[in-house]
file run-v8.cif (mmCIF, C-alpha atoms)
data_data
#
loop_
_atom_site.label_atom_id
_atom_site.label_comp_id
_atom_site.auth_asym_id
_atom_site.auth_seq_id
_atom_site.Cartn_x
_atom_site.Cartn_y
_atom_site.Cartn_z
CA MET A 175 10.60 62.31 -22.05
CA LYS A 176 7.02 62.39 -20.93
CA TYR A 177 6.04 60.15 -23.83
CA ARG A 178 8.70 57.63 -22.86
CA ASN A 179 7.39 57.63 -19.29
CA ILE A 180 3.91 56.85 -20.53
CA LEU A 181 5.27 54.00 -22.63
CA SER A 182 7.13 52.62 -19.65
CA PHE A 183 4.00 52.83 -17.56
CA LEU A 184 2.01 51.00 -20.22
CA ALA A 185 4.69 48.33 -20.48
CA LEU A 186 4.69 47.93 -16.73
CA ALA A 187 0.90 47.73 -16.64
CA LEU A 188 0.87 45.12 -19.41
CA CYS A 189 3.47 43.22 -17.49
CA PHE A 190 1.26 43.09 -14.38
CA LEU A 191 -1.68 42.10 -16.53
CA PHE A 192 0.17 39.14 -18.00
CA VAL A 193 1.47 38.08 -14.63
CA ALA A 194 -2.05 38.22 -13.26
CA CYS A 195 -3.40 36.28 -16.22
CA GLY A 196 -0.59 33.80 -15.82
CA ASP A 197 -1.54 33.30 -12.18
CA ASP A 198 -5.15 32.67 -13.08
CA ASP A 199 -4.17 30.12 -15.67
CA ALA A 200 -1.91 28.41 -13.16
CA ASN A 201 -4.76 28.19 -10.66
CA GLU A 202 -7.05 26.60 -13.18
CA VAL A 203 -4.61 23.82 -13.91
CA THR A 204 -3.20 23.49 -10.38
CA VAL A 205 -1.81 20.02 -9.94
CA ASP A 206 -3.55 18.33 -7.02
CA PHE A 207 -1.79 16.26 -4.42
CA ASP A 208 -0.90 12.71 -5.36
CA PHE A 209 -3.64 10.42 -4.11
CA SER A 210 -2.77 7.54 -6.43
CA GLY A 211 -1.89 4.02 -5.47
CA GLU A 212 -3.27 1.27 -3.33
CA TYR A 213 -3.39 1.36 0.47
CA THR A 214 -3.24 -1.94 2.35
CA ILE A 215 -4.59 -2.73 5.81
CA SER A 216 -2.29 -2.11 8.76
CA ASP A 217 -4.53 -1.83 11.82
CA GLN A 218 -8.26 -1.75 12.53
CA MET A 219 -10.72 -1.74 15.40
CA GLY A 220 -14.42 -1.65 16.09
CA ARG A 221 -15.16 -2.16 19.78
CA PRO A 222 -12.62 -1.12 22.41
CA ALA A 223 -10.14 -3.61 23.85
CA ILE A 224 -11.35 -6.64 21.90
CA ASN A 225 -8.03 -7.54 20.33
CA THR A 226 -6.10 -6.88 23.52
CA VAL A 227 -8.40 -8.97 25.72
CA PHE A 228 -9.40 -11.84 23.50
CA VAL A 229 -6.64 -12.39 20.96
CA SER A 230 -3.46 -14.28 21.82
CA ALA A 231 -0.10 -12.60 21.25
CA LEU A 232 0.68 -14.71 18.20
CA ASN A 233 -2.57 -13.77 16.46
CA LYS A 234 -2.81 -10.04 17.21
CA ASP A 235 -1.46 -8.84 13.87
CA ASP A 236 -3.57 -11.38 12.01
CA PHE A 237 -6.74 -10.27 13.80
CA ASN A 238 -5.96 -6.64 12.94
CA THR A 239 -5.71 -7.46 9.26
CA THR A 240 -8.61 -9.92 8.92
CA VAL A 241 -11.69 -8.23 7.48
CA PRO A 242 -14.64 -8.18 9.92
CA ALA A 243 -16.68 -10.47 7.66
CA ASP A 244 -14.03 -13.18 8.17
CA GLN A 245 -13.23 -12.56 11.85
CA GLY A 246 -16.19 -14.50 13.28
CA GLY A 247 -15.33 -17.73 11.50
CA ALA A 248 -11.65 -17.45 12.34
CA TYR A 249 -11.85 -16.28 15.94
CA ALA A 250 -15.18 -17.14 17.65
CA ASP A 251 -13.91 -20.44 19.12
CA ARG A 252 -10.66 -18.88 20.33
CA PHE A 253 -12.58 -16.02 21.96
CA GLU A 254 -14.79 -18.53 23.80
CA SER A 255 -11.72 -20.34 25.16
CA ARG A 256 -10.23 -17.04 26.27
CA LEU A 257 -13.46 -15.97 27.98
CA LEU A 258 -13.64 -19.23 29.91
CA ALA A 259 -9.98 -18.89 30.89
CA LEU A 260 -10.60 -15.37 32.21
CA ASN A 261 -13.76 -16.43 34.03
CA PRO A 262 -14.00 -20.21 34.50
CA GLY A 263 -17.36 -19.75 36.25
CA TYR A 264 -18.97 -17.95 33.29
CA THR A 265 -22.55 -19.05 32.65
CA THR A 266 -24.34 -16.11 31.04
CA ASN A 267 -23.91 -12.36 31.35
CA ALA A 268 -26.19 -9.38 31.91
CA LEU A 269 -27.17 -9.51 28.25
CA GLY A 270 -28.33 -13.11 28.74
CA LEU A 271 -25.69 -14.43 26.36
CA ASP A 272 -23.99 -17.75 26.96
CA ALA A 273 -20.26 -18.04 26.29
CA ALA A 274 -20.57 -19.19 22.70
CA THR A 275 -23.12 -16.54 21.75
CA PHE A 276 -21.31 -13.70 23.54
CA THR A 277 -17.95 -14.49 21.98
CA SER A 278 -19.39 -15.00 18.51
CA VAL A 279 -20.81 -11.47 18.77
CA LEU A 280 -17.46 -10.08 19.93
CA ALA A 281 -15.35 -11.89 17.35
CA SER A 282 -16.75 -9.75 14.53
CA ASP A 283 -15.08 -6.57 15.71
CA VAL A 284 -17.43 -3.85 14.53
CA LEU A 285 -19.04 -1.06 16.52
CA THR A 286 -22.79 -1.03 16.01
CA VAL A 287 -24.20 2.49 15.87
CA SER A 288 -27.83 3.56 16.00
CA THR A 289 -28.83 6.28 13.56
CA GLU A 290 -32.10 6.85 15.41
CA GLY A 291 -31.24 8.13 18.85
CA THR A 292 -29.00 7.61 21.86
CA THR A 293 -25.54 6.35 21.00
CA THR A 294 -23.78 4.67 23.89
CA PHE A 295 -21.78 1.56 24.68
CA PHE A 296 -24.11 1.04 27.64
CA ASP A 297 -26.00 3.60 29.70
CA GLY A 298 -28.19 1.33 31.82
CA THR A 299 -30.87 1.17 29.13
CA ASN A 300 -29.31 1.22 25.68
CA VAL A 301 -26.70 -1.42 24.84
CA LEU A 302 -24.12 -1.20 22.03
CA THR A 303 -25.78 1.63 20.13
CA GLY A 304 -22.46 3.41 19.60
CA ARG A 305 -19.56 4.64 21.71
CA ALA A 306 -19.53 8.12 23.19
CA LEU A 307 -16.42 9.76 24.63
CA ALA A 308 -17.53 9.54 28.25
CA ASP A 309 -18.70 5.91 28.11
CA ASP A 310 -16.95 3.75 30.70
CA VAL A 311 -16.39 0.98 28.19
CA ILE A 312 -13.95 -0.95 30.35
CA ASP A 313 -16.47 -1.31 33.17
CA VAL A 314 -19.08 -2.49 30.67
CA GLU A 315 -16.75 -5.14 29.31
CA LEU A 316 -15.62 -6.22 32.80
CA LEU A 317 -19.26 -6.50 33.84
CA LEU A 318 -20.12 -8.63 30.81
CA ILE A 319 -17.07 -10.87 31.28
CA PHE A 320 -17.08 -11.27 35.07
CA GLY A 321 -20.45 -10.07 36.37
CA GLY A 322 -22.61 -13.13 35.70
CA PRO A 323 -26.31 -13.08 34.74
CA ASP A 324 -27.26 -10.14 36.97
CA GLY A 325 -23.93 -8.32 37.16
CA SER A 326 -23.38 -9.15 40.83
CA ALA A 327 -20.76 -11.89 40.53
CA ASN A 328 -17.04 -11.27 41.12
CA ALA A 329 -17.74 -7.84 42.61
CA GLY A 330 -14.06 -6.88 42.81
CA LEU A 331 -13.56 -7.52 39.10
CA THR A 332 -16.48 -5.69 37.51
CA SER A 333 -15.17 -2.13 37.77
CA ASP A 334 -11.70 -0.59 37.62
CA ASN A 335 -13.02 2.36 39.64
CA VAL A 336 -11.89 4.90 37.04
CA ALA A 337 -15.21 6.32 35.95
CA SER A 338 -14.28 9.29 33.83
CA ASN A 339 -11.60 10.96 31.75
CA ASP A 340 -8.87 13.14 33.23
CA LYS A 341 -10.08 16.20 31.27
CA GLU A 342 -13.55 17.56 30.61
CA PHE A 343 -14.86 16.97 27.12
CA SER A 344 -15.99 19.97 25.11
CA SER A 345 -19.64 20.55 24.27
CA ASP A 346 -18.54 21.83 20.85
CA PHE A 347 -16.83 20.18 17.89
CA PRO A 348 -14.29 18.51 17.97
CA TYR A 349 -15.52 17.47 21.48
CA LEU A 350 -12.21 15.91 22.59
CA ALA A 351 -10.27 17.95 25.15
CA SER A 352 -7.20 19.95 24.19
CA PRO A 353 -3.91 18.09 24.69
CA TRP A 354 -1.83 18.11 27.87
CA MET B 186 8.40 6.60 19.59
CA LYS B 187 10.92 8.32 21.80
CA ASN B 188 8.18 9.47 24.16
CA VAL B 189 6.64 6.04 24.34
CA LYS B 190 10.00 4.60 25.30
CA TYR B 191 10.46 7.29 27.91
CA LEU B 192 7.06 6.68 29.38
CA LEU B 193 7.52 2.94 29.46
CA LEU B 194 11.02 3.05 30.90
CA SER B 195 10.04 5.54 33.56
CA ALA B 196 7.10 3.42 34.57
CA GLY B 197 9.14 0.26 34.67
CA THR B 198 9.03 -3.09 33.02
CA MET B 199 5.89 -4.20 34.84
CA ILE B 200 3.95 -1.48 33.10
CA LEU B 201 5.61 -2.36 29.82
CA PHE B 202 4.29 -5.86 30.23
CA ALA B 203 0.93 -4.56 31.34
CA LEU B 204 0.62 -2.26 28.33
CA SER B 205 1.07 -5.21 26.03
CA ILE B 206 -1.97 -6.88 27.55
CA MET B 207 -4.84 -4.44 27.32
CA SER B 208 -5.49 -0.80 26.62
CA ALA B 209 -8.53 -0.19 24.44
CA ASP B 210 -6.65 -0.80 21.24
CA HIS B 211 -3.52 1.15 22.13
CA ILE B 212 -0.36 -0.59 20.96
CA ASP B 213 -2.30 -3.81 20.71
CA ALA B 214 -0.22 -5.74 18.25
CA PRO B 215 3.48 -6.06 17.39
CA ALA B 216 3.30 -4.94 13.75
CA VAL B 217 1.79 -1.54 14.50
CA THR B 218 2.92 -0.63 18.01
CA GLY B 219 4.65 2.72 18.15
CA GLY B 220 4.06 3.39 14.46
CA THR B 221 2.05 5.94 12.56
CA THR B 222 -0.65 3.41 11.74
CA ASP B 223 -1.39 2.30 15.31
CA VAL B 224 -5.09 2.85 15.98
CA THR B 225 -5.52 3.52 19.70
CA ASP B 226 -9.24 4.08 19.81
CA TYR B 227 -12.40 4.53 17.82
CA TYR B 228 -15.66 6.28 18.70
CA ALA B 229 -18.94 6.81 16.84
CA PHE B 230 -21.76 8.80 18.38
CA GLN B 231 -24.67 11.11 17.64
CA SER B 232 -23.49 14.70 17.61
CA PRO B 233 -23.95 16.40 20.99
CA THR B 234 -24.85 19.59 19.13
CA ASP B 235 -27.13 18.25 16.38
CA ASN B 236 -29.21 15.07 16.55
CA ASN B 237 -29.19 14.93 12.74
CA ASN B 238 -25.42 14.41 12.66
CA MET B 239 -23.08 11.51 13.41
CA VAL B 240 -19.53 11.91 14.71
CA PHE B 241 -16.64 9.56 13.96
CA VAL B 242 -13.38 9.74 15.92
CA ALA B 243 -10.16 7.90 15.10
CA ASN B 244 -7.25 8.18 17.51
CA ILE B 245 -3.78 7.03 16.52
CA GLN B 246 -0.28 7.06 18.01
CA GLY B 247 -1.25 6.86 21.68
CA LEU B 248 0.62 7.47 24.92
CA LEU B 249 2.18 10.71 23.71
CA SER B 250 3.72 12.63 26.60
CA PRO B 251 3.21 16.42 26.47
CA ALA B 252 6.91 16.80 25.63
CA ALA B 253 6.60 14.52 22.63
CA THR B 254 3.25 15.70 21.31
CA GLY B 255 4.63 18.64 19.32
CA ASP B 256 6.78 16.29 17.25
CA ALA B 257 4.03 13.74 16.60
CA ALA B 258 2.73 13.91 13.05
CA PHE B 259 0.30 12.23 10.74
CA ASP B 260 1.95 10.13 8.03
CA GLU B 261 1.17 10.94 4.39
CA ASN B 262 1.44 7.23 3.57
CA THR B 263 -1.20 6.28 6.15
CA LEU B 264 -4.84 6.43 5.09
CA ILE B 265 -7.32 6.61 7.95
CA GLU B 266 -10.58 5.04 6.83
CA PHE B 267 -13.94 4.90 8.57
CA ASN B 268 -15.85 1.87 7.29
CA ILE B 269 -19.65 1.75 7.38
CA ASP B 270 -21.73 -1.37 6.73
CA SER B 271 -25.39 -0.48 6.30
CA ASP B 272 -26.84 -3.85 5.24
CA GLY B 273 -25.53 -6.11 7.98
CA ASP B 274 -23.09 -8.25 6.01
CA LEU B 275 -20.03 -6.84 7.83
CA LYS B 276 -18.65 -5.52 4.53
CA GLU B 277 -18.24 -1.79 4.09
CA ASP B 278 -20.89 -0.10 1.94
CA MET B 279 -19.55 3.40 2.57
CA VAL B 280 -16.22 4.88 3.58
CA ILE B 281 -14.97 8.18 4.90
CA GLN B 282 -11.28 8.54 4.09
CA ALA B 283 -8.79 10.93 5.72
CA ILE B 284 -5.32 11.43 4.28
CA PRO B 285 -2.79 14.10 5.29
CA ARG B 286 -1.12 16.22 2.62
CA ASP B 287 1.16 19.22 3.17
CA GLY B 288 -0.14 20.23 6.60
CA LYS B 289 -3.77 19.58 5.77
CA MET B 290 -6.06 16.64 6.51
CA ILE B 291 -8.07 15.92 3.41
CA VAL B 292 -11.32 14.04 3.92
CA PHE B 293 -13.24 12.28 1.14
CA GLY B 294 -16.77 10.98 1.61
CA PRO B 295 -19.00 9.59 2.90
CA THR B 296 -19.00 7.75 -0.40
CA ALA B 297 -19.83 4.29 -1.71
CA ALA B 298 -17.04 1.80 -1.08
CA THR B 299 -15.85 0.27 -4.31
CA SER B 300 -12.78 -1.64 -3.18
CA ILE B 301 -14.00 -3.90 -0.38
CA GLY B 302 -11.70 -5.44 2.18
CA THR B 303 -8.02 -5.05 2.97
CA ARG B 304 -7.07 -2.76 0.08
CA SER B 305 -8.33 0.70 -0.74
CA THR B 306 -7.81 3.43 -3.27
CA ILE B 307 -8.58 7.03 -2.41
CA LYS B 308 -12.01 8.17 -3.62
CA THR B 309 -10.88 11.47 -5.08
CA SER B 310 -14.18 12.09 -6.87
CA ALA B 311 -16.13 12.02 -3.58
CA THR B 312 -17.15 15.03 -1.51
CA ARG B 313 -13.94 16.64 -0.27
CA VAL B 314 -13.30 18.75 2.81
CA GLU B 315 -9.85 20.01 3.82
CA VAL B 316 -8.72 21.30 7.19
CA ASP B 317 -5.39 22.66 8.36
CA ILE B 318 -3.91 20.20 10.84
CA THR B 319 -3.98 21.85 14.26
CA GLY B 320 -0.54 22.22 15.80
CA TYR B 321 0.30 21.39 19.39
CA GLY B 322 -0.73 24.31 21.58
CA GLU B 323 -2.90 25.91 18.90
CA THR B 324 -6.63 26.49 19.15
CA ALA B 325 -8.50 23.74 17.32
CA LYS B 326 -8.83 24.50 13.59
CA VAL B 327 -12.14 23.26 12.23
CA ALA B 328 -13.41 22.99 8.67
CA ASN B 329 -17.16 23.21 8.14
CA GLU B 330 -18.29 22.74 4.54
CA GLY B 331 -21.51 21.36 3.12
CA GLY B 332 -22.62 20.15 6.54
CA ILE B 333 -19.38 18.23 7.17
CA LYS B 334 -17.05 19.22 10.01
CA VAL B 335 -13.45 18.04 10.20
CA PHE B 336 -10.67 18.33 12.79
CA ALA B 337 -7.20 16.78 12.82
CA GLY B 338 -4.49 17.23 15.42
CA PRO B 339 -3.35 16.35 18.94
CA ARG B 340 -5.93 15.93 21.70
CA ASP B 341 -6.02 14.60 25.21
CA ASP B 342 -6.48 10.81 25.07
CA PRO B 343 -10.16 10.42 26.01
CA PHE B 344 -9.61 6.81 27.12
CA PHE B 345 -9.50 6.05 30.85
CA PHE B 346 -8.59 2.77 32.54
CA ASP B 347 -6.60 1.42 35.49
CA LEU B 348 -4.34 -0.80 33.46
CA GLY B 349 -1.91 -1.48 36.30
CA ALA B 350 -4.61 -2.91 38.53
CA TYR B 351 -5.99 -5.02 35.70
CA GLN B 352 -2.54 -6.47 35.15
CA ALA B 353 -2.12 -7.16 38.85
CA VAL B 354 -5.40 -9.08 38.79
CA LEU B 355 -4.36 -11.11 35.75
CA GLY B 356 -0.91 -11.69 37.27
CA GLY B 357 -2.38 -12.99 40.51
CA THR B 358 -0.91 -10.25 42.71
CA ALA B 359 -4.33 -8.72 43.37
CA THR B 360 -7.77 -10.31 43.71
CA GLY B 361 -9.66 -7.24 42.54
CA PHE B 362 -9.35 -3.65 41.39
CA SER B 363 -8.21 -0.83 43.65
CA ASN B 364 -10.72 1.77 44.79
CA PRO B 365 -10.19 4.47 43.77
CA GLY B 366 -8.42 3.31 40.65
CA THR B 367 -5.59 5.05 38.81
CA ASP B 368 -6.11 6.21 35.21
CA THR B 369 -3.06 4.91 33.36
CA PHE B 370 -3.82 7.24 30.43
CA ALA B 371 -4.07 10.43 32.48
CA GLY B 372 -1.84 13.17 31.14
CA THR B 373 -1.22 11.54 27.75
CA ASN B 374 -2.19 12.66 24.27
CA VAL B 375 -3.15 11.11 20.94
CA LEU B 376 -3.48 12.31 17.36
CA SER B 377 -7.16 12.58 16.50
CA VAL B 378 -9.23 12.82 13.36
CA VAL B 379 -12.81 13.88 14.06
CA VAL B 380 -15.41 13.94 11.29
CA GLU B 381 -19.05 14.98 11.77
CA VAL B 382 -21.47 14.30 8.94
CA PRO B 383 -25.23 14.59 8.44
CA LYS B 384 -26.86 11.21 9.06
CA SER B 385 -28.64 11.71 5.74
CA MET B 386 -25.29 11.01 4.05
CA LEU B 387 -25.12 7.57 5.72
CA GLY B 388 -28.20 5.99 4.16
CA SER B 389 -31.42 5.00 5.87
CA ALA B 390 -30.46 1.97 7.96
CA ALA B 391 -31.46 2.14 11.63
CA THR B 392 -28.21 0.48 12.69
CA LEU B 393 -24.78 0.65 11.12
CA ASN B 394 -21.81 -1.64 11.67
CA THR B 395 -18.71 0.56 11.72
CA TRP B 396 -14.99 0.28 12.25
CA VAL B 397 -11.85 2.26 11.56
CA ALA B 398 -8.83 1.05 9.64
CA THR B 399 -5.40 2.43 8.89
CA LYS B 400 -4.04 1.47 5.51
CA THR B 401 -0.56 2.14 4.20
CA LYS B 402 0.63 2.89 0.69
CA ARG B 403 2.68 0.02 -0.64
#

call {"tool": "encode", "arguments": {"input": "run-v8.cif", "output": "structure tokens"}}
result
Amino acid sequence: MKYRNILSFLALALCFLFVACGDDDANEVTVDFDFSGEYTISDQMGRPAINTVFVSALNKDDFNTTVPADQGGAYADRFESRLLALNPGYTTNALGLDAATFTSVLASDVLTVSTEGTTTFFDGTNVLTGRALADDVIDVELLLIFGGPDGSANAGLTSDNVASNDKEFSSDFPYLASPW
Amino acid sequence: MKNVKYLLLSAGTMILFALSIMSADHIDAPAVTGGTTDVTDYYAFQSPTDNNNMVFVANIQGLLSPAATGDAAFDENTLIEFNIDSDGDLKEDMVIQAIPRDGKMIVFGPTAATSIGTRSTIKTSATRVEVDITGYGETAKVANEGGIKVFAGPRDDPFFFDLGAYQAVLGGTATGFSNPGTDTFAGTNVLSVVVEVPKSMLGSAATLNTWVATKTKR
């Protein structure tokens, strides 16, 4: 009786051993998720609001699926026409850029980012060195579109008077505020 | 989708029209509006906690009401790709790829881009960091491995703008913005992917050209 109990125990122990070994083996050859296949462009953006402001309704999907290297050639002239429609009195802006130069910069829709210091859309000193969460990017763009050479033109059009987000950003990763 | 409809209907057709005009990149084009690939916003900035790090933020599926946020989900067929050009030719030299799988956001890179342009394959041999996707109402779940931090989940939409006033100006019913303005995006959420990486992983260029793309499996 006792002997049979010991045998049973040994059998049980062996059983656990094999199960454990089996688990280890399974872990070693775990099948990863399927990452195969090709993914094709659907949407893209660099700077905020460029497509929505400067691209006509018919071309919005095309602009979103044109690689940045090709956007300038395809869209610079159209952006210039749009800028002059928005602000027929445009001469230069606070960056000193005339209409053709300004819109050729904007047509290649990438966000330039400095790796060597302050990153901001515009903070009074640094221009287009990144985009931080609190940057009032709309006011910057309104100023550059409507504000003229020294930013003083069209005073009612150069700020939407919404200067900050509706929630405080966090000082710790992931920095964005928790959802409503 | 349902929440977007609700928001738009409740705000009226004027706002619907206004939303189609300008809102960072929210619902900016017919093919993507309301879908899981709609990029609403993109940010890139030096880490507020470590000057040696860079932070990339992609927001998708904007204008989520609080009631709809719990049901909003990342799409396993939508690749979210940060593109980084370090030599000034406007072609990506590096990518950081984020793809959801089984409740996790899996991030590959930064790694050299091999397929340039409108099509991508997932760089499975690159540095890989996984994070559990944070659920609505949960404390943010953060992965931190090998100097790379990752978050994925719903957040308050950080964008702010008086869209209604802008539309009134364009429509000729106002000659300027209101003061104070009204933040059209107050009280709405987005789905965010936030990736923080050491700048040393991004090469040595002083300036990078960057953009975010969503790409779908075909």

call {"tool": "atom_distance", "arguments": {"input": "run-v8.cif", "atom1": "atom CA of B:Gly302", "atom2": "atom CA of B:Ala391"}}
result
23.2 Å

call {"tool": "closest_residue", "arguments": {"input": "run-v8.cif", "among": "A:Asp334, A:Asp206, A:Glu342, A:Glu315", "to": "chain B", "atoms": "all atoms listed in the file"}}
result
A:Asp334

call {"tool": "residues_around", "arguments": {"input": "run-v8.cif", "residues": "stretch 275-289 of chain A", "least_positions_apart": "2", "cutoff": "7 Å", "atoms": "only C-alpha atoms", "output": "ChimeraX atom specification"}}
result
/A:219-221,242-243,245-246,249-250,253-254,271-273,291,293,302-304 /B:229,384,391-396

call {"tool": "write_last_selection", "arguments": {"input": "run-v8.cif", "atoms": "C-alpha atoms", "output": "PDB file, in the frame of the given file"}}
result
ATOM      1  CA  MET A 219     -10.720  -1.740  15.400  1.00  0.00           C
ATOM      2  CA  GLY A 220     -14.420  -1.650  16.090  1.00  0.00           C
ATOM      3  CA  ARG A 221     -15.160  -2.160  19.780  1.00  0.00           C
ATOM      4  CA  PRO A 242     -14.640  -8.180   9.920  1.00  0.00           C
ATOM      5  CA  ALA A 243     -16.680 -10.470   7.660  1.00  0.00           C
ATOM      6  CA  GLN A 245     -13.230 -12.560  11.850  1.00  0.00           C
ATOM      7  CA  GLY A 246     -16.190 -14.500  13.280  1.00  0.00           C
ATOM      8  CA  TYR A 249     -11.850 -16.280  15.940  1.00  0.00           C
ATOM      9  CA  ALA A 250     -15.180 -17.140  17.650  1.00  0.00           C
ATOM     10  CA  PHE A 253     -12.580 -16.020  21.960  1.00  0.00           C
ATOM     11  CA  GLU A 254     -14.790 -18.530  23.800  1.00  0.00           C
ATOM     12  CA  LEU A 271     -25.690 -14.430  26.360  1.00  0.00           C
ATOM     13  CA  ASP A 272     -23.990 -17.750  26.960  1.00  0.00           C
ATOM     14  CA  ALA A 273     -20.260 -18.040  26.290  1.00  0.00           C
ATOM     15  CA  GLY A 291     -31.240   8.130  18.850  1.00  0.00           C
ATOM     16  CA  THR A 293     -25.540   6.350  21.000  1.00  0.00           C
ATOM     17  CA  LEU A 302     -24.120  -1.200  22.030  1.00  0.00           C
ATOM     18  CA  THR A 303     -25.780   1.630  20.130  1.00  0.00           C
ATOM     19  CA  GLY A 304     -22.460   3.410  19.600  1.00  0.00           C
TER      20      GLY A 304
ATOM     21  CA  ALA B 229     -18.940   6.810  16.840  1.00  0.00           C
ATOM     22  CA  LYS B 384     -26.860  11.210   9.060  1.00  0.00           C
ATOM     23  CA  ALA B 391     -31.460   2.140  11.630  1.00  0.00           C
ATOM     24  CA  THR B 392     -28.210   0.480  12.690  1.00  0.00           C
ATOM     25  CA  LEU B 393     -24.780   0.650  11.120  1.00  0.00           C
ATOM     26  CA  ASN B 394     -21.810  -1.640  11.670  1.00  0.00           C
ATOM     27  CA  THR B 395     -18.710   0.560  11.720  1.00  0.00           C
ATOM     28  CA  TRP B 396     -14.990   0.280  12.250  1.00  0.00           C
TER      29      TRP B 396
END

call {"tool": "atom_distance", "arguments": {"input": "run-v8.cif", "atom1": "atom CA of B:Val224", "atom2": "atom CA of B:Asp210"}}
result
6.6 Å

call {"tool": "resolve_selection", "arguments": {"input": "run-v8.cif", "expression": "the PyMOL selection byres ((chain B and resi 257-267) around 8)", "output": "list in words"}}
result
Tyr213 of chain A; Thr221, Thr222, Phe241, Ala243, Leu249, Ala253, Thr254, Gly255, Asp256, Asn268, Ile269, Val280, Ile281, Gln282, Ala283, Ile284, Pro285, Arg286, Leu376, Thr395, Trp396, Val397, Ala398, Thr399, Lys400, Thr401 and Lys402 of chain B

call {"tool": "resolve_selection", "arguments": {"input": "run-v8.cif", "expression": "the PyMOL selection byres ((chain B and resi 337) around 10)", "output": "VMD selection string"}}
result
(chain A and resid 348) or (chain B and resid 242 to 244 259 283 285 289 to 291 315 to 320 325 to 328 335 to 336 338 to 340 376 to 380)

call {"tool": "closest_residue", "arguments": {"input": "run-v8.cif", "among": "A:Leu260, A:Leu269, A:Val336, A:Ala327", "to": "chain B", "atoms": "all atoms listed in the file"}}
result
A:Val336

call {"tool": "resolve_selection", "arguments": {"input": "run-v8.cif", "expression": "the PyMOL selection byres ((chain B and resi 297) around 8)", "output": "CSV table (one decimal) with C-alpha atoms, in the frame of the given file"}}
result
chain,number,residue,atom,x,y,z
B,278,ASP,CA,-20.9,-0.1,1.9
B,279,MET,CA,-19.6,3.4,2.6
B,280,VAL,CA,-16.2,4.9,3.6
B,295,PRO,CA,-19.0,9.6,2.9
B,296,THR,CA,-19.0,7.8,-0.4
B,298,ALA,CA,-17.0,1.8,-1.1
B,299,THR,CA,-15.8,0.3,-4.3

call {"tool": "atom_distance", "arguments": {"input": "run-v8.cif", "atom1": "atom CA of B:Asp347", "atom2": "atom CA of B:Asp368"}}
result
4.8 Å

call {"tool": "residues_around", "arguments": {"input": "run-v8.cif", "residues": "A:Phe209", "least_positions_apart": "4", "cutoff": "9 Å", "atoms": "all atoms listed in the file", "output": "JSON, numbers by chain"}}
result
{"B": [284, 306, 307, 308, 309]}

call {"tool": "residues_around", "arguments": {"input": "run-v8.cif", "residues": "A:Phe295", "least_positions_apart": "4", "cutoff": "8 Å", "atoms": "all atoms listed in the file", "output": "ChimeraX atom specification"}}
result
/A:300-306,309,311,314

call {"tool": "closest_residue", "arguments": {"input": "run-v8.cif", "among": "B:Ala214, B:Val240, B:Ile245, B:Ala390", "to": "B:Ser271", "atoms": "all atoms listed in the file"}}
result
B:Ala390

call {"tool": "closest_residue", "arguments": {"input": "run-v8.cif", "among": "B:Arg313, B:Gly288, B:Asn364, B:Val382", "to": "chain A", "atoms": "all atoms listed in the file"}}
result
B:Asn364

call {"tool": "residues_around", "arguments": {"input": "run-v8.cif", "residues": "A:Phe343", "least_positions_apart": "5", "cutoff": "8 Å", "atoms": "only C-alpha atoms", "output": "list of chain:residue names"}}
result
A:Leu307, A:Ala308, A:Tyr349, A:Leu350, A:Ala351

call {"tool": "residues_around", "arguments": {"input": "run-v8.cif", "residues": "B:Thr369", "least_positions_apart": "5", "cutoff": "8 Å", "atoms": "all atoms listed in the file", "output": "ChimeraX atom specification"}}
result
/B:345-349

call {"tool": "closest_residue", "arguments": {"input": "run-v8.cif", "among": "B:Thr225, B:Ser305, B:Thr324, B:Ser389", "to": "chain A", "atoms": "all atoms listed in the file"}}
result
B:Ser305
